[in-house]
2 protein chains.
Amino acid sequence: MNKNLSIGIDFGGTTIKAGIVSENGKVIKKTIADTFAHQGPKKVIRQIKLCIKELLINHPGPVLGIGVGSPGIVSVTKGTVSNLHNVPGWESVPLKRIIENEFALPVLIENDANTAAIGELEFGAGKKLTDFIMVTLGTGVGGGIITNRSIVHGAHGGAGEIGHISIDFNGRQCNCGGLGCIEAYIGNSQLINRVKANFKKNKSSLLYHLHNQNPNGLSPKTISEAATAGDLYAQHIITETGAYLGYALTSLINVLDISIIIVGGGVSGFGTPLFNSIQTTLQSRVIKSLALTIKVIPAKLKNDAGILGASALIFNSQK
Amino acid sequence: MNKNLSIGIDFGGTTIKAGIVSENGKVIKKTIADTFAHQGPKKVIRQIKLCIKELLINHPGPVLGIGVGSPGIVSVTKGTVSNLHNVPGWESVPLKRIIENEFALPVLIENDANTAAIGELEFGAGKKLTDFIMVTLGTGVGGGIITNRSIVHGAHGGAGEIGHISIDFNGRQCNCGGLGCIEAYIGNSQLINRVKANFKKNKSSLLYHLHNQNPNGLSPKTISEAATAGDLYAQHIITETGAYLGYALTSLINVLDISIIIVGGGVSGFGTPLFNSIQTTLQSRVIKSLALTIKVIPAKLKNDAGILGASALIFNSQK
C-alpha cells in the first residue's frame, strides 16, 4: 500500500477542484466548490480553505503537504499570486503563507501551465522522461519546460510562456501587446475566429451550416466532429492549427534542443490529424541534426489533471 | 600571483589561435597557425597539436587542461566534432580523445558560440551574472544560454541556436532548411544583401556610392561609418537589424524569462544605435511583467575572445 498522500488544489476562475492524491497518482477523495470570483479575495480564499477542510475531515491521517495550481502570475519563491483580473480587489496575495498558517502543512504554489507539466512529469506521459516541453491548448496556449525533471522558472518565475512565441513579426495582434504570438492564432476564440474568417470561400462546409443554425455552435469539439465526418474545411483548420503550433515549436526546439513535446488541453482533442501536422511541420523546419528524434505525444492526464498536477508539486519537491 | 593556468584553442576555419590563459583572464602566451582546412583532417589536427606544443615548450609548468572552441556540431559528452563542411573528409572526429592522448591533460570541447558565452561568463560582461543569453553576430548568428552559471546543452548538445529562431513562418529561406530564421536576415552576407536590395530607393546613400566604386566594399564596418557620417539609409539598416534581432529575442525571453542579453561579434560593432533598437523592440513586444528588467549589453571580450572562451571551459568546469 502506498501511504504517501498530498492535497492538490486546482484553483480555477469559476470552480475550485481539490483532491487527496496518492503518490502513484490516484485521486482518493475529491471535492468541488464555486470560486465566487466576483465576491473578492476574502471569499475566494475562504472557498479554497473550505475545500481543504472538507478533505482533511473526510480523510483523517497525515498528508505531506498542499499543492496549488493557480492562474495569474505566481511567484514560487514568495508564494504570492497576482494579476487575477477576474477577482476584483485581488492584488498580490500571499496565498502560500495564508494556507500554511491555517493548516500547518507545507504549501507549494505554481502557475497552472507549469502545474500541468509537473502533473505529466509525475503521473502522465512524462513519467519516464527527463526533459520535455509541455503545451496546453485551451483558452490560451500555456506551456511548461521540464529539464532534468524540474520546471524551468526563469528570473521572475515567468518562464514557459510558449503561447507568446511569435511566428510572424508583422502578424496578428496578441492580448499581451506583442505581434504574431501563437496564442493569437490557435487560442480557443482565435481558432474559432479563423474558422469564421474564411466562411465565404467555404460555404459548403458543415461548419458554415452549423454556425448559421447556432452562432455559438463552433467549438474544438464540433470542428473535430466535422473533420471526422469528412468535412474538408474542418480538416484544413486542424492541419493549419498544427502547422502554426509547429512553427512556434520549431524556434523553441532549435534553441533548447528538447526532443519530446507533450500536448494537452481541450484543443488537443483534435487528435491524430493535429499531432501529425505538428510532427510534419517540425520535421521539415527544425535544424536537421535535431529533427530526427522529435516526438509529439498527447498528454495522459484528463479530467483530474489540475488536481493531480497540483498534488504532484508536493511529491516532486520531495525528490 | 595567480597560478592556475589553462590553454584555450580557438579553432577557426582559416586560422587556429591558441593561448595560455591565467584564471583572471590574462593571455600570457599566444600563437597562431593556418588551419589548412582544404588539406583534410590529419593536417588540421597536426596544426592544432603544433600550437599546443609550442605553448607548452615556451611556457613550461603545469596547466589545468586544454579547452577547444570548435565550429561544426560538437558533442560535449562524446568529445567529437562533426559537420565541418570546409574540411574535406572530416566526418565525426574524436578531437577530445586525440588531444588528451597526445598531451595527457584534461581536454574539454565546446561549440564556438557556447564558448563565447562561457568566455563572457568567466571573464567578461557575464562575470557577475547567473543567467543570460549570449548572441554572437557574425557570418552566422550564434547563441549560448547560461542558467545558474552553466551552459544549456539540450538533448544532443545542440541548444542555443538563436540564429534559427524564426521571426516569420513565411519568411526568408535559411541555409538550415527553415523559413524566416533570424540568421537569414542579419547574418553577415544576408545583412549586405538587405542593403543592396533597396539601393533603387536609396541612390543618394553613401552606401550606394561605395558599392559602385567597390562592389566588395560593403561590410558592417563601412555601414557603421556611413551611419556615423549621418547617412540615413545606413542608420535605417542598423535600426532594422536591431529590430529583427529584437523580434527573435522577444520569443526567447517570453519562454525563458531571462533578463540579460549580451551581444558580441563583428556586427555588434554597430554599437549604441543597434543596442537601442534591440532594447526598444524588446520593451514594446515582450510580455509586460518580464519587460521591465531587460538589459541588452555589449560583450566585453574582443580580439582574444575565442582563446579566452576556450580556456574558460577548463576554469568553469573546476567550480
# chains A, B, ... in the order shown; residues from 1 in each chain; ligands from 1

$ interface_residues --of "chain A" --to "chain B" --cutoff "6 Å" --atoms "only C-alpha atoms" --output "ChimeraX atom specification"
/A:154-155,158-162,165-169,176,178,251,254-258,285,287

$ write_last_selection --atoms "all heavy atoms" --output "short mmCIF file (atom, residue, chain, number, x, y, z; two decimals), in the first residue's frame"
data_model
loop_
_atom_site.label_atom_id
_atom_site.label_comp_id
_atom_site.auth_asym_id
_atom_site.auth_seq_id
_atom_site.Cartn_x
_atom_site.Cartn_y
_atom_site.Cartn_z
N GLY A 154 12.90 30.58 -14.69
CA GLY A 154 13.36 31.89 -15.18
C GLY A 154 13.56 32.89 -14.06
O GLY A 154 13.39 32.57 -12.88
N ALA A 155 13.91 34.12 -14.45
CA ALA A 155 14.29 35.15 -13.48
C ALA A 155 13.14 35.59 -12.58
O ALA A 155 13.34 35.91 -11.41
CB ALA A 155 14.88 36.36 -14.21
N GLY A 158 8.47 33.51 -14.64
CA GLY A 158 7.60 33.69 -15.79
C GLY A 158 7.92 32.81 -16.98
O GLY A 158 7.30 32.93 -18.03
N ALA A 159 8.89 31.90 -16.85
CA ALA A 159 9.30 31.09 -17.99
C ALA A 159 8.19 30.15 -18.45
O ALA A 159 7.27 29.85 -17.69
CB ALA A 159 10.54 30.28 -17.64
N GLY A 160 8.27 29.70 -19.69
CA GLY A 160 7.33 28.72 -20.22
C GLY A 160 6.18 29.30 -21.02
O GLY A 160 5.28 28.57 -21.43
N GLU A 161 6.19 30.61 -21.26
CA GLU A 161 5.08 31.24 -21.98
C GLU A 161 5.14 30.93 -23.47
O GLU A 161 5.34 31.82 -24.31
CB GLU A 161 5.06 32.74 -21.72
CG GLU A 161 4.65 33.13 -20.32
CD GLU A 161 3.14 32.98 -20.06
OE1 GLU A 161 2.40 32.56 -20.98
OE2 GLU A 161 2.73 33.28 -18.92
N ILE A 162 4.93 29.67 -23.79
CA ILE A 162 5.03 29.20 -25.16
C ILE A 162 3.99 29.89 -26.06
O ILE A 162 4.23 30.10 -27.24
CB ILE A 162 4.89 27.66 -25.18
CG1 ILE A 162 6.15 27.06 -24.57
CG2 ILE A 162 4.61 27.12 -26.57
CD1 ILE A 162 6.06 25.59 -24.29
N ILE A 165 5.42 32.86 -28.08
CA ILE A 165 6.43 32.77 -29.14
C ILE A 165 5.76 33.37 -30.38
O ILE A 165 4.64 33.00 -30.72
CB ILE A 165 6.81 31.30 -29.42
CG1 ILE A 165 7.51 30.69 -28.21
CG2 ILE A 165 7.68 31.19 -30.68
CD1 ILE A 165 7.78 29.20 -28.35
N SER A 166 6.46 34.30 -31.03
CA SER A 166 5.89 34.93 -32.22
C SER A 166 6.27 34.13 -33.46
O SER A 166 7.41 33.69 -33.60
CB SER A 166 6.40 36.36 -32.36
OG SER A 166 6.03 36.89 -33.62
N ILE A 167 5.31 33.91 -34.35
CA ILE A 167 5.61 33.22 -35.61
C ILE A 167 5.63 34.21 -36.78
O ILE A 167 5.90 33.82 -37.91
CB ILE A 167 4.62 32.07 -35.90
CG1 ILE A 167 3.18 32.59 -36.00
CG2 ILE A 167 4.73 31.00 -34.82
CD1 ILE A 167 2.20 31.54 -36.52
N ASP A 168 5.34 35.48 -36.50
CA ASP A 168 5.32 36.47 -37.57
C ASP A 168 5.42 37.86 -36.95
O ASP A 168 4.48 38.32 -36.30
CB ASP A 168 4.02 36.34 -38.38
CG ASP A 168 3.93 37.32 -39.54
OD1 ASP A 168 4.85 38.15 -39.70
OD2 ASP A 168 2.93 37.26 -40.27
N PHE A 169 6.54 38.54 -37.18
CA PHE A 169 6.74 39.83 -36.51
C PHE A 169 5.77 40.90 -37.01
O PHE A 169 5.65 41.96 -36.41
CB PHE A 169 8.20 40.30 -36.65
CG PHE A 169 8.62 40.62 -38.06
CD1 PHE A 169 8.53 41.91 -38.56
CD2 PHE A 169 9.14 39.64 -38.88
CE1 PHE A 169 8.94 42.21 -39.85
CE2 PHE A 169 9.55 39.92 -40.17
CZ PHE A 169 9.44 41.21 -40.66
N CYS A 176 -1.28 40.21 -25.24
CA CYS A 176 -0.13 40.57 -24.41
C CYS A 176 0.54 41.85 -24.89
O CYS A 176 1.43 42.37 -24.24
CB CYS A 176 0.89 39.43 -24.40
SG CYS A 176 1.91 39.33 -25.89
N GLY A 178 2.12 41.94 -27.88
CA GLY A 178 3.03 41.53 -28.96
C GLY A 178 2.30 41.30 -30.27
O GLY A 178 1.07 41.40 -30.35
N SER A 251 11.11 27.13 -33.42
CA SER A 251 12.05 28.09 -32.81
C SER A 251 12.51 27.58 -31.45
O SER A 251 13.69 27.66 -31.10
CB SER A 251 11.37 29.45 -32.63
OG SER A 251 11.14 30.05 -33.90
N ASN A 254 14.91 24.52 -31.77
CA ASN A 254 16.22 24.94 -32.25
C ASN A 254 17.05 25.58 -31.13
O ASN A 254 18.27 25.48 -31.12
CB ASN A 254 16.08 25.94 -33.40
CG ASN A 254 15.72 25.26 -34.71
OD1 ASN A 254 15.83 24.04 -34.84
ND2 ASN A 254 15.29 26.04 -35.68
N VAL A 255 16.38 26.22 -30.20
CA VAL A 255 17.12 26.91 -29.13
C VAL A 255 17.38 25.99 -27.94
O VAL A 255 18.43 26.06 -27.31
CB VAL A 255 16.36 28.17 -28.67
CG1 VAL A 255 16.94 28.73 -27.40
CG2 VAL A 255 16.43 29.23 -29.76
N LEU A 256 16.42 25.12 -27.61
CA LEU A 256 16.57 24.32 -26.39
C LEU A 256 17.03 22.90 -26.64
O LEU A 256 17.47 22.21 -25.72
CB LEU A 256 15.25 24.29 -25.61
CG LEU A 256 14.79 25.62 -25.02
CD1 LEU A 256 13.51 25.43 -24.23
CD2 LEU A 256 15.87 26.23 -24.12
N ASP A 257 16.93 22.43 -27.89
CA ASP A 257 17.29 21.04 -28.21
C ASP A 257 16.61 20.06 -27.24
O ASP A 257 17.26 19.24 -26.59
CB ASP A 257 18.82 20.88 -28.19
CG ASP A 257 19.27 19.48 -28.59
OD1 ASP A 257 18.45 18.70 -29.11
OD2 ASP A 257 20.46 19.17 -28.37
N ILE A 258 15.28 20.19 -27.14
CA ILE A 258 14.48 19.23 -26.37
C ILE A 258 13.67 18.44 -27.40
O ILE A 258 13.10 19.03 -28.32
CB ILE A 258 13.55 19.95 -25.37
CG1 ILE A 258 14.41 20.62 -24.27
CG2 ILE A 258 12.55 18.98 -24.75
CD1 ILE A 258 13.60 21.33 -23.20
N ARG A 285 11.10 21.70 -40.66
CA ARG A 285 11.63 23.03 -40.33
C ARG A 285 12.76 23.06 -39.30
O ARG A 285 13.60 23.95 -39.32
CB ARG A 285 10.49 23.93 -39.83
CG ARG A 285 9.44 24.13 -40.91
CD ARG A 285 8.77 25.47 -40.78
NE ARG A 285 7.92 25.73 -41.92
CZ ARG A 285 7.58 26.93 -42.34
NH1 ARG A 285 8.01 28.00 -41.71
NH2 ARG A 285 6.80 27.12 -43.39
N ILE A 287 16.24 22.31 -37.39
CA ILE A 287 17.59 22.00 -37.84
C ILE A 287 17.75 20.48 -37.94
O ILE A 287 17.39 19.75 -37.03
CB ILE A 287 18.62 22.55 -36.81
CG1 ILE A 287 18.58 24.08 -36.78
CG2 ILE A 287 20.03 22.07 -37.14
CD1 ILE A 287 19.47 24.68 -35.70
#

$ closest_residue --among "A:Ile307, A:Leu137, A:Ile278, A:Ala229" --to "Gly187 in chain A" --atoms "only C-alpha atoms"
A:Leu137

$ select_by_dssp --residues "range 33-261 of chain A" --states "strand (DSSP E or B)" --output "VMD selection string"
chain A and resid 33 to 34 66 to 70 73 to 75 80 to 82 93 107 to 111 132 to 137 141 to 147 150 to 151 166 168 173 179 181 260 to 261

$ closest_residue --among "B:Ile151, B:Leu191, B:Ile262, B:Leu308" --to "Val27 in chain B" --atoms "only C-alpha atoms"
B:Leu308

$ closest_residue --among "A:Ile20, A:Leu129, A:Val135, A:Ala291" --to "Ala116 in chain A" --atoms "only C-alpha atoms"
A:Val135

$ select_by_dssp --residues "range 62-251 of chain B" --states "alpha helix (DSSP H)" --output "MDAnalysis selection string"
chainID B and resid 95:103 112:123 183:186 188:197 206:213 220:228 232:251

$ residues_around --residues "range 61-64 of chain A" --least-positions-apart "3" --cutoff "12 Å" --atoms "only C-alpha atoms" --output "mmCIF file with C-alpha atoms, in the first residue's frame"
data_model
loop_
_atom_site.group_PDB
_atom_site.id
_atom_site.type_symbol
_atom_site.label_atom_id
_atom_site.label_comp_id
_atom_site.auth_asym_id
_atom_site.auth_seq_id
_atom_site.Cartn_x
_atom_site.Cartn_y
_atom_site.Cartn_z
ATOM 1 C CA LYS A 3 0.996 5.661 2.264
ATOM 2 C CA ASN A 4 2.254 8.999 0.942
ATOM 3 C CA LEU A 5 -0.580 11.407 0.243
ATOM 4 C CA SER A 6 -0.811 15.035 -0.765
ATOM 5 C CA ILE A 7 -3.603 17.511 -1.434
ATOM 6 C CA GLY A 8 -3.927 19.099 -4.863
ATOM 7 C CA GLY A 19 -8.443 16.186 -4.004
ATOM 8 C CA ILE A 20 -6.350 13.927 -1.841
ATOM 9 C CA VAL A 21 -3.921 12.109 -4.122
ATOM 10 C CA SER A 22 -1.700 9.094 -3.511
ATOM 11 C CA GLU A 23 1.921 9.005 -4.613
ATOM 12 C CA ILE A 52 -9.102 21.713 2.155
ATOM 13 C CA LEU A 55 -10.840 16.811 2.521
ATOM 14 C CA LEU A 56 -8.978 16.703 5.835
ATOM 15 C CA ILE A 57 -12.169 15.971 7.805
ATOM 16 C CA ASN A 58 -13.269 13.201 5.463
ATOM 17 C CA GLY A 67 -0.067 21.955 -3.769
ATOM 18 C CA PHE A 103 -3.376 24.166 8.180
ATOM 19 C CA ALA A 104 0.200 23.924 9.476
ATOM 20 C CA LEU A 105 1.199 21.937 6.404
ATOM 21 C CA PRO A 106 3.856 22.702 3.735
ATOM 22 C CA VAL A 107 2.270 24.534 0.790
ATOM 23 C CA LEU A 108 3.634 24.940 -2.749
ATOM 24 C CA SER A 311 -0.610 17.356 -5.776
ATOM 25 C CA ALA A 312 2.487 16.454 -7.829
ATOM 26 C CA LEU A 313 4.122 19.742 -6.772
ATOM 27 C CA ILE A 314 4.476 18.197 -3.328
ATOM 28 C CA PHE A 315 5.700 14.777 -4.477
ATOM 29 C CA ASN A 316 8.133 16.349 -6.949
ATOM 30 C CA SER A 317 9.602 18.612 -4.256
ATOM 31 C CA GLN A 318 10.411 15.642 -2.023
#

$ residues_around --residues "range 35-38 of chain A" --least-positions-apart "4" --cutoff "12 Å" --atoms "only C-alpha atoms" --output "list in words"
Ile9, Asp10, Phe11, Gly12, Gly13, Thr14, Thr15, Ile16, Lys17, Ala18, Lys42, Lys43, Val44, Ile45, Arg46, Gln47, Ile48, Lys49, Leu50, Cys51, Leu84, His85, Asn86, Val87, Pro88, Gly89 and Trp90 of chain A

$ atom_distance --atom1 "CA of Asn216 in chain A" --atom2 "CA of Asn193 in chain A"
11.7 Å

$ residues_around --residues "range 296-304 of chain A" --least-positions-apart "5" --cutoff "6 Å" --atoms "only C-alpha atoms" --output "ChimeraX atom specification"
/A:124-125,261-264

$ residues_around --residues "Asp231 in chain A" --least-positions-apart "5" --cutoff "8 Å" --atoms "only C-alpha atoms" --output "PDB file with C-alpha atoms, in the first residue's frame"
ATOM      1  CA  SER A 205     -18.631  23.259 -45.119  1.00  0.00           C
ATOM      2  CA  LEU A 206     -20.611  21.627 -42.313  1.00  0.00           C
ATOM      3  CA  ALA A 226     -16.993  17.772 -38.750  1.00  0.00           C
TER       4      ALA A 226
END
